[in-house]
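Source file: model.pdb (PDB, C-alpha atoms and all ligand atoms)
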ATOM      1  CA  MET A   1      23.830   5.594  -1.379
ATOM      2  CA  GLN A   2      22.681   8.245  -3.847
ATOM      3  CA  SER A   3      19.439   7.276  -5.514
ATOM      4  CA  PRO A   4      18.774   7.840  -9.219
ATOM      5  CA  PHE A   5      15.065   8.312  -8.525
ATOM      6  CA  THR A   6      13.055  11.432  -7.804
ATOM      7  CA  GLY A   7      10.092   9.611  -6.313
ATOM      8  CA  ALA A   8       8.813   6.278  -5.083
ATOM      9  CA  ALA A   9       6.027   3.805  -5.646
ATOM     10  CA  VAL A  10       5.072   2.897  -2.102
ATOM     11  CA  ILE A  11       3.185  -0.381  -1.917
ATOM     12  CA  PRO A  12       1.749  -1.363   1.470
ATOM     13  CA  ILE A  13       1.310  -5.093   1.954
ATOM     14  CA  ALA A  14      -1.100  -6.026   4.736
ATOM     15  CA  ILE A  15      -4.371  -7.723   5.599
ATOM     16  CA  PRO A  16      -7.470  -5.552   6.158
ATOM     17  CA  GLY A  17      -7.523  -3.720   9.467
ATOM     18  CA  ALA A  18      -3.719  -3.726   9.811
ATOM     19  CA  GLY A  19      -3.484   0.044   9.435
ATOM     20  CA  LYS A  20      -2.390   0.605   5.798
ATOM     21  CA  SER A  21      -4.612   3.592   5.095
ATOM     22  CA  THR A  22      -3.804   5.182   8.456
ATOM     23  CA  LEU A  23      -0.058   4.949   7.768
ATOM     24  CA  MET A  24      -0.271   6.023   4.129
ATOM     25  CA  LYS A  25      -2.269   9.109   5.141
ATOM     26  CA  GLN A  26       0.475  10.004   7.627
ATOM     27  CA  TRP A  27       3.232   9.571   5.045
ATOM     28  CA  PHE A  28       1.271  11.081   2.155
ATOM     29  CA  PRO A  29      -0.974  13.836   3.503
ATOM     30  CA  ASP A  30      -1.664  15.044  -0.044
ATOM     31  CA  PRO A  31      -4.666  12.943  -1.207
ATOM     32  CA  ALA A  32      -3.509  13.187  -4.837
ATOM     33  CA  SER A  33      -0.491  11.063  -3.906
ATOM     34  CA  ARG A  34      -2.576   8.145  -2.617
ATOM     35  CA  ILE A  35      -4.566   5.915  -4.886
ATOM     36  CA  GLU A  36      -7.065   3.321  -3.711
ATOM     37  CA  LEU A  37      -9.640   1.216  -5.573
ATOM     38  CA  ASP A  38     -12.324   2.127  -3.012
ATOM     39  CA  GLU A  39     -12.001   5.781  -3.984
ATOM     40  CA  TRP A  40     -12.416   5.091  -7.709
ATOM     41  CA  ARG A  41     -15.464   2.893  -6.982
ATOM     42  CA  LEU A  42     -16.934   5.736  -4.935
ATOM     43  CA  ARG A  43     -16.363   8.220  -7.741
ATOM     44  CA  LEU A  44     -17.831   5.877 -10.345
ATOM     45  CA  THR A  45     -20.846   4.543  -8.449
ATOM     46  CA  GLY A  46     -21.388   6.554  -5.258
ATOM     47  CA  SER A  47     -20.394   3.544  -3.147
ATOM     48  CA  ARG A  48     -16.906   2.505  -2.009
ATOM     49  CA  ALA A  49     -18.040  -1.116  -1.940
ATOM     50  CA  ASP A  50     -19.809  -1.426  -5.321
ATOM     51  CA  GLN A  51     -17.813  -4.247  -6.908
ATOM     52  CA  SER A  52     -19.597  -3.810 -10.266
ATOM     53  CA  ALA A  53     -17.188  -0.947 -11.012
ATOM     54  CA  ASN A  54     -14.054  -3.012 -10.406
ATOM     55  CA  ARG A  55     -12.992  -3.318 -14.045
ATOM     56  CA  ALA A  56     -13.188   0.426 -14.654
ATOM     57  CA  ALA A  57     -11.678   1.225 -11.240
ATOM     58  CA  VAL A  58      -8.652  -0.996 -11.880
ATOM     59  CA  GLU A  59      -8.165   0.501 -15.345
ATOM     60  CA  ILE A  60      -8.303   4.074 -14.048
ATOM     61  CA  GLN A  61      -5.980   3.248 -11.147
ATOM     62  CA  TYR A  62      -3.296   1.831 -13.447
ATOM     63  CA  MET A  63      -3.601   4.796 -15.796
ATOM     64  CA  VAL A  64      -3.096   7.277 -12.950
ATOM     65  CA  PHE A  65      -0.274   5.205 -11.424
ATOM     66  CA  GLU A  66       1.587   4.892 -14.717
ATOM     67  CA  GLU A  67       1.347   8.597 -15.492
ATOM     68  CA  ARG A  68       2.582   9.574 -12.022
ATOM     69  CA  CYS A  69       5.481   7.084 -12.201
ATOM     70  CA  ALA A  70       6.446   8.428 -15.633
ATOM     71  CA  ARG A  71       6.635  11.906 -14.112
ATOM     72  CA  GLY A  72       8.789  10.642 -11.225
ATOM     73  CA  LEU A  73       6.126  11.478  -8.648
ATOM     74  CA  SER A  74       5.727   9.488  -5.451
ATOM     75  CA  THR A  75       2.528   7.480  -5.173
ATOM     76  CA  ALA A  76       1.147   5.218  -2.459
ATOM     77  CA  VAL A  77      -0.992   2.412  -3.843
ATOM     78  CA  ASP A  78      -3.284   1.776  -0.880
ATOM     79  CA  GLY A  79      -4.599  -1.783  -0.967
ATOM     80  CA  THR A  80      -3.831  -5.180   0.513
ATOM     81  CA  ASN A  81      -1.325  -5.968  -2.323
ATOM     82  CA  ILE A  82      -0.791  -9.426  -0.866
ATOM     83  CA  THR A  83      -0.757 -11.597  -3.971
ATOM     84  CA  VAL A  84       2.494 -11.826  -5.923
ATOM     85  CA  SER A  85       0.748 -11.448  -9.300
ATOM     86  CA  HIS A  86      -0.902  -8.198  -8.262
ATOM     87  CA  ARG A  87       2.396  -6.760  -7.020
ATOM     88  CA  MET A  88       4.201  -7.812 -10.193
ATOM     89  CA  LYS A  89       1.898  -5.671 -12.304
ATOM     90  CA  LEU A  90       2.609  -2.631 -10.145
ATOM     91  CA  GLN A  91       6.347  -3.391 -10.279
ATOM     92  CA  GLN A  92       6.286  -3.572 -14.081
ATOM     93  CA  VAL A  93       4.696  -0.134 -14.315
ATOM     94  CA  ALA A  94       7.034   1.514 -11.774
ATOM     95  CA  ARG A  95      10.352  -0.160 -12.619
ATOM     96  CA  GLY A  96      13.056   2.249 -13.799
ATOM     97  CA  ARG A  97      10.811   5.250 -13.261
ATOM     98  CA  VAL A  98      10.603   5.528  -9.474
ATOM     99  CA  GLY A  99      12.048   3.634  -6.512
ATOM    100  CA  LEU A 100       9.981   0.623  -5.484
ATOM    101  CA  VAL A 101       9.212   0.482  -1.774
ATOM    102  CA  ALA A 102       7.286  -2.361  -0.118
ATOM    103  CA  VAL A 103       5.805  -1.535   3.277
ATOM    104  CA  VAL A 104       4.981  -4.825   4.974
ATOM    105  CA  LEU A 105       2.662  -4.323   7.927
ATOM    106  CA  ASP A 106       3.286  -7.628   9.652
ATOM    107  CA  ILE A 107       0.509  -7.299  12.182
ATOM    108  CA  PRO A 108      -0.952 -10.408  13.871
ATOM    109  CA  VAL A 109      -4.425 -11.301  12.636
ATOM    110  CA  GLU A 110      -5.924 -10.944  16.140
ATOM    111  CA  ILE A 111      -4.817  -7.300  16.267
ATOM    112  CA  CYS A 112      -6.305  -6.703  12.782
ATOM    113  CA  HIS A 113      -9.618  -8.181  13.932
ATOM    114  CA  ARG A 114      -9.588  -5.979  17.030
ATOM    115  CA  GLN A 115      -8.734  -2.798  15.102
ATOM    116  CA  ASN A 116     -11.311  -3.666  12.458
ATOM    117  CA  ARG A 117     -14.112  -4.066  15.008
ATOM    118  CA  MET A 118     -13.316  -0.663  16.461
ATOM    119  CA  ARG A 119     -13.797   1.221  13.204
ATOM    120  CA  GLU A 120     -16.971   2.757  11.857
ATOM    121  CA  GLN A 121     -17.438   0.411   8.912
ATOM    122  CA  PRO A 122     -15.761  -2.901   9.739
ATOM    123  CA  VAL A 123     -15.163  -5.453   7.011
ATOM    124  CA  PRO A 124     -16.593  -8.949   7.695
ATOM    125  CA  ASP A 125     -14.262 -11.119   9.813
ATOM    126  CA  GLU A 126     -14.098 -13.670   6.959
ATOM    127  CA  VAL A 127     -12.493 -11.087   4.669
ATOM    128  CA  ILE A 128      -9.623 -10.628   7.111
ATOM    129  CA  ASP A 129      -9.241 -14.392   7.498
ATOM    130  CA  HIS A 130      -9.289 -14.834   3.701
ATOM    131  CA  PHE A 131      -6.329 -12.491   3.238
ATOM    132  CA  ALA A 132      -4.544 -13.864   6.302
ATOM    133  CA  GLY A 133      -4.748 -17.305   4.659
ATOM    134  CA  LYS A 134      -2.822 -16.026   1.625
ATOM    135  CA  TRP A 135      -0.048 -14.419   3.654
ATOM    136  CA  ALA A 136       2.432 -17.272   4.134
ATOM    137  CA  LYS A 137       2.461 -18.197   0.433
ATOM    138  CA  ASN A 138       2.782 -14.630  -0.877
ATOM    139  CA  VAL A 139       4.745 -12.607   1.675
ATOM    140  CA  PRO A 140       8.196 -14.043   2.435
ATOM    141  CA  PRO A 141      10.154 -12.985   5.507
ATOM    142  CA  GLY A 142      12.966 -10.514   4.739
ATOM    143  CA  PRO A 143      13.104  -8.359   1.612
ATOM    144  CA  ILE A 144      10.192  -8.616  -0.823
ATOM    145  CA  PRO A 145      11.546  -9.679  -4.247
ATOM    146  CA  GLY A 146      11.561  -6.956  -6.909
ATOM    147  CA  PHE A 147      11.562  -4.001  -4.499
ATOM    148  CA  ASP A 148      14.430  -1.554  -3.904
ATOM    149  CA  LEU A 149      13.505  -1.224  -0.269
ATOM    150  CA  THR A 150      11.365  -3.260   2.106
ATOM    151  CA  ILE A 151      10.115  -1.553   5.243
ATOM    152  CA  ARG A 152       8.802  -4.146   7.668
ATOM    153  CA  ILE A 153       6.565  -2.901  10.438
ATOM    154  CA  THR A 154       5.607  -5.122  13.369
ATOM    155  CA  PRO A 155       3.911  -4.187  16.652
ATOM    156  CA  GLN A 156       7.454  -4.216  18.107
ATOM    157  CA  GLY A 157       9.053  -1.775  15.672
ATOM    158  CA  ARG A 158      10.365  -1.170  12.170
ATOM    159  CA  GLU A 159      13.185  -2.574  10.017
ATOM    160  CA  ASP A 160      14.361  -1.189   6.644
ATOM    161  CA  ILE A 161      16.054  -3.636   4.250
ATOM    162  CA  GLY A 162      17.304  -2.733   0.786
ATOM    163  CA  HIS A 163      19.633  -0.607  -1.248
ATOM    164  CA  LEU A 164      17.635   2.626  -1.178
ATOM    165  CA  ASP A 165      18.943   4.748   1.678
ATOM    166  CA  ILE A 166      15.731   6.040   3.166
ATOM    167  CA  GLU A 167      17.429   8.526   5.503
ATOM    168  CA  GLY A 168      19.412  10.006   2.608
ATOM    169  CA  ALA A 169      16.389  10.196   0.353
ATOM    170  CA  PRO A 170      14.096  12.897   1.702
ATOM    171  CA  TRP A 171      12.269  12.903  -1.643
ATOM    172  CA  LEU A 172      10.958   9.443  -0.856
ATOM    173  CA  PHE A 173       8.072  10.788   1.163
ATOM    174  CA  ALA A 174       8.372  14.419   0.149
ATOM    175  CA  ASN A 175       7.978  14.678  -3.621
ATOM    176  CA  THR A 176       4.286  13.994  -3.514
ATOM    177  CA  THR A 177       2.867  17.152  -5.015
ATOM    178  CA  ALA A 178       0.661  16.290  -7.944
TER     179      ALA A 178
HETATM  180  N1  LIG B 201      -0.891   1.732  14.766
HETATM  181  C1  LIG B 201      -2.184   1.632  15.112
HETATM  182  N2  LIG B 201      -2.525   1.458  16.403
HETATM  183  C2  LIG B 201      -3.804   1.360  16.758
HETATM  184  N3  LIG B 201      -4.856   1.416  15.901
HETATM  185  C3  LIG B 201      -4.572   1.607  14.602
HETATM  186  C4  LIG B 201      -3.225   1.701  14.129
HETATM  187  N4  LIG B 201      -3.252   1.854  12.780
HETATM  188  C5  LIG B 201      -4.554   1.839  12.447
HETATM  189  N5  LIG B 201      -5.337   1.712  13.535
HETATM  190  C6  LIG B 201      -6.798   1.654  13.549
HETATM  191  O1  LIG B 201      -7.163   0.409  12.977
HETATM  192  C7  LIG B 201      -8.296   0.548  12.130
HETATM  193  C8  LIG B 201      -7.936   0.026  10.736
HETATM  194  O2  LIG B 201      -6.947   0.887  10.178
HETATM  195  P1  LIG B 201      -6.919   1.179   8.604
HETATM  196  O3  LIG B 201      -8.257   1.620   8.124
HETATM  197  O4  LIG B 201      -5.763   2.077   8.370
HETATM  198  O5  LIG B 201      -6.612  -0.299   8.067
HETATM  199  P2  LIG B 201      -6.410  -0.800   6.581
HETATM  200  O6  LIG B 201      -5.239  -1.702   6.626
HETATM  201  O7  LIG B 201      -6.355   0.357   5.664
HETATM  202  O8  LIG B 201      -7.722  -1.670   6.324
HETATM  203  P3  LIG B 201      -8.467  -1.956   4.918
HETATM  204  O9  LIG B 201      -7.653  -2.985   4.184
HETATM  205  O10 LIG B 201      -9.800  -2.526   5.326
HETATM  206  O11 LIG B 201      -8.584  -0.675   4.157
HETATM  207  C9  LIG B 201      -8.671   2.013  12.142
HETATM  208  O12 LIG B 201      -9.754   2.196  13.031
HETATM  209  C10 LIG B 201      -7.424   2.707  12.659
HETATM  210  O13 LIG B 201      -7.741   3.877  13.372
HETATM  211 MG    MG B 202      -7.574   0.964   4.086
END
Can you present the structure in this file as structure tokens?
Ligand SMILES: Nc1ncnc2c1ncn2[C@@H]1O[C@H](COP(=O)(O)OP(=O)(O)OP(=O)(O)O)[C@@H](O)[C@H]1O
Ligand SMILES: [Mg+2]
Amino acid sequence: MQSPFTGAAVIPIAIPGAGKSTLMKQWFPDPASRIELDEWRLRLTGSRADQSANRAAVEIQYMVFEERCARGLSTAVDGTNITVSHRMKLQQVARGRVGLVAVVLDIPVEICHRQNRMREQPVPDEVIDHFAGKWAKNVPPGPIPGFDLTIRITPQGREDIGHLDIEGAPWLFANTTA
């Protein structure tokens, strides 16, 4: 199906350690096309983890996201994006401007723990368990409501569900130049 959009808002949905940032970097090699709260916190405070900058970081992130969507540019919003309310805000900004793509990394919590422990700066185990506890209530099986396309990735493979034809839409992961 021909898509009316020139770009996509790509929203990974996954618990920490699942591999969101790794995948988004593969799909969006241009750093300008990926936005992440950690990066804004780093720019504002010198530390990726300094939560005192959250209000400003969130504000800047939405401003950048909205402007890119308005220009029809593809943007990956790297974050856990697990709660419905958080996703709804992103959907409101992107709707009608770019295609909305949910990338569900449905990776078992044990694998996330293992991958997390192997990285340089692991997050505390409780953080992973906290997000894992929210999963069932916020991430339904099948297509994620409000998205044009849901890409579901499991350790066994990948399934694409939705009305955006990803194969016929090379712009989806190509039109990322800022
Ligand atoms: N498909 C994979 N197979 C094996 N290891 C992987 C895979 N994807 C990511 N990893 C490894 O798992 C670790 C966590 O990956 P990554 O940082 O991408 O997770 P994340 O979901 O972005 O976590 P966070 O929410 O904390 O930012 C990294 O060390 C990464 O190299
Ligand atoms: Mg990450």
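You can rank A:Glu120, A:Glu59, A:Glu66, A:Asp106 by their closest distance to ligand LIG 201 (chain B) using only C-alpha atoms and all ligand atoms, and at the top of that list sits A:Glu120.
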All residues 10 Å or closer to Ile128 (chain A), only C-alpha atoms, same chain fewer than 4 positions away omitted, as a list in words: Ala14, Ile15, Pro16, Gly17, Ala18, Val109, Glu110, Cys112, His113, Asn116, Val123, Pro124, Ala132 and Gly133 of chain A
Selection under test: the PyMOL selection byres (((chain A and resi 154) around 6) and not hetatm); residues as a count of residues only: 6
Selection dump of the PyMOL selection byres (((chain A and resi 68) around 10) and not hetatm), as a VMD selection string: chain A and resid 7 to 9 33 62 to 67 69 to 75 94 97 to 98 176 178
Within 7 Å of ligand MG 202 (chain B), counting all atoms listed in the file, residues as a ChimeraX atom specification: /A:16,19-21,78-79
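Across the structure, CA of Ala49 (chain A) and CA of Ile151 (chain A) are spaced 29.1 Å apart.
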Counting all atoms listed in the file, the residue of A:Thr6, A:Thr150, A:Gln91, A:Thr80 that sits nearest Asp38 (chain A): A:Thr80
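Restricting the calculation to only C-alpha atoms and all ligand atoms, the smallest distance between ligand LIG 201 (chain B) and any of A:Gly99, A:Pro12, A:Gly162, A:Pro29 is found for A:Pro12.
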Evaluate the PyMOL selection byres (((chain A and resi 161) around 12) and not hetatm) and report residues as a PyMOL selection string: chain A and resi 101-104+141-145+147-153+158-160+162-166
Given only C-alpha atoms as the counted atoms, nearest of A:Phe28, A:Gln121, A:Ala136, A:Val10 to Thr83 (chain A): A:Ala136
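Take the candidates A:Asn81, A:Asn138, A:Gln92, A:Ser52 and check each one against ligand LIG 201 (chain B) using only C-alpha atoms and all ligand atoms; the shortest distance goes to A:Asn81.
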Shortest interatomic distance to ligand LIG 201 (chain B) - which of A:Asp50, A:Asp129, A:Glu36, A:Asp30, counting only C-alpha atoms and all ligand atoms: A:Glu36
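The coordinates place CA of Trp135 (chain A) at 24.3 Å from CA of Trp27 (chain A).
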Per-axis box centre and lengths in Å around ligand LIG 201 (chain B), 8 Å margin per side, axis-aligned, as lines of an AutoDock Vina configuration file:
center_x = -5.3
center_y = 0.4
center_z = 10.5
size_x = 24.9
size_y = 22.9
size_z = 28.6
Interatomic distance, CA of Gln115 (chain A) to atom N4 of ligand LIG 201 (chain B) (Å, one decimal): 7.6 Å
Selection: 9 Å around Gly146 (chain A), all atoms listed in the file, excl. self and same-chain fewer than 4 positions, as a ChimeraX atom specification: /A:88,91,95,100
Will you model N, CA and C atoms for region 88-104 of chain A and pass it back as an mmCIF file, keeping the file's coordinate frame?
data_model
loop_
_atom_site.group_PDB
_atom_site.id
_atom_site.type_symbol
_atom_site.label_atom_id
_atom_site.label_comp_id
_atom_site.auth_asym_id
_atom_site.auth_seq_id
_atom_site.Cartn_x
_atom_site.Cartn_y
_atom_site.Cartn_z
ATOM 1 N N MET A 88 3.346 -7.797 -8.990
ATOM 2 C CA MET A 88 4.201 -7.812 -10.193
ATOM 3 C C MET A 88 3.732 -6.801 -11.222
ATOM 4 N N LYS A 89 2.431 -6.636 -11.345
ATOM 5 C CA LYS A 89 1.898 -5.671 -12.304
ATOM 6 C C LYS A 89 2.294 -4.241 -11.909
ATOM 7 N N LEU A 90 2.201 -3.956 -10.626
ATOM 8 C CA LEU A 90 2.609 -2.631 -10.145
ATOM 9 C C LEU A 90 4.105 -2.426 -10.356
ATOM 10 N N GLN A 91 4.895 -3.487 -10.113
ATOM 11 C CA GLN A 91 6.347 -3.391 -10.279
ATOM 12 C C GLN A 91 6.711 -3.102 -11.729
ATOM 13 N N GLN A 92 5.993 -3.783 -12.653
ATOM 14 C CA GLN A 92 6.286 -3.572 -14.081
ATOM 15 C C GLN A 92 6.065 -2.120 -14.483
ATOM 16 N N VAL A 93 5.011 -1.526 -13.962
ATOM 17 C CA VAL A 93 4.696 -0.134 -14.315
ATOM 18 C C VAL A 93 5.740 0.827 -13.735
ATOM 19 N N ALA A 94 6.169 0.560 -12.496
ATOM 20 C CA ALA A 94 7.034 1.514 -11.774
ATOM 21 C C ALA A 94 8.518 1.353 -12.090
ATOM 22 N N ARG A 95 8.926 0.147 -12.492
ATOM 23 C CA ARG A 95 10.352 -0.160 -12.619
ATOM 24 C C ARG A 95 11.091 0.832 -13.517
ATOM 25 N N GLY A 96 12.220 1.340 -13.022
ATOM 26 C CA GLY A 96 13.056 2.249 -13.799
ATOM 27 C C GLY A 96 12.559 3.684 -13.790
ATOM 28 N N ARG A 97 11.376 3.895 -13.269
ATOM 29 C CA ARG A 97 10.811 5.250 -13.261
ATOM 30 C C ARG A 97 10.883 5.878 -11.873
ATOM 31 N N VAL A 98 10.552 5.077 -10.868
ATOM 32 C CA VAL A 98 10.603 5.528 -9.474
ATOM 33 C C VAL A 98 11.154 4.378 -8.630
ATOM 34 N N GLY A 99 11.604 4.684 -7.421
ATOM 35 C CA GLY A 99 12.048 3.634 -6.512
ATOM 36 C C GLY A 99 10.858 2.806 -6.054
ATOM 37 N N LEU A 100 11.080 1.508 -5.896
ATOM 38 C CA LEU A 100 9.981 0.623 -5.484
ATOM 39 C C LEU A 100 10.127 0.274 -4.004
ATOM 40 N N VAL A 101 9.151 0.667 -3.228
ATOM 41 C CA VAL A 101 9.212 0.482 -1.774
ATOM 42 C C VAL A 101 8.034 -0.375 -1.314
ATOM 43 N N ALA A 102 8.344 -1.521 -0.714
ATOM 44 C CA ALA A 102 7.286 -2.361 -0.118
ATOM 45 C C ALA A 102 7.197 -2.026 1.365
ATOM 46 N N VAL A 103 5.996 -1.793 1.839
ATOM 47 C CA VAL A 103 5.805 -1.535 3.277
ATOM 48 C C VAL A 103 4.976 -2.694 3.828
ATOM 49 N N VAL A 104 5.662 -3.640 4.452
ATOM 50 C CA VAL A 104 4.981 -4.825 4.974
ATOM 51 C C VAL A 104 4.506 -4.532 6.397
#
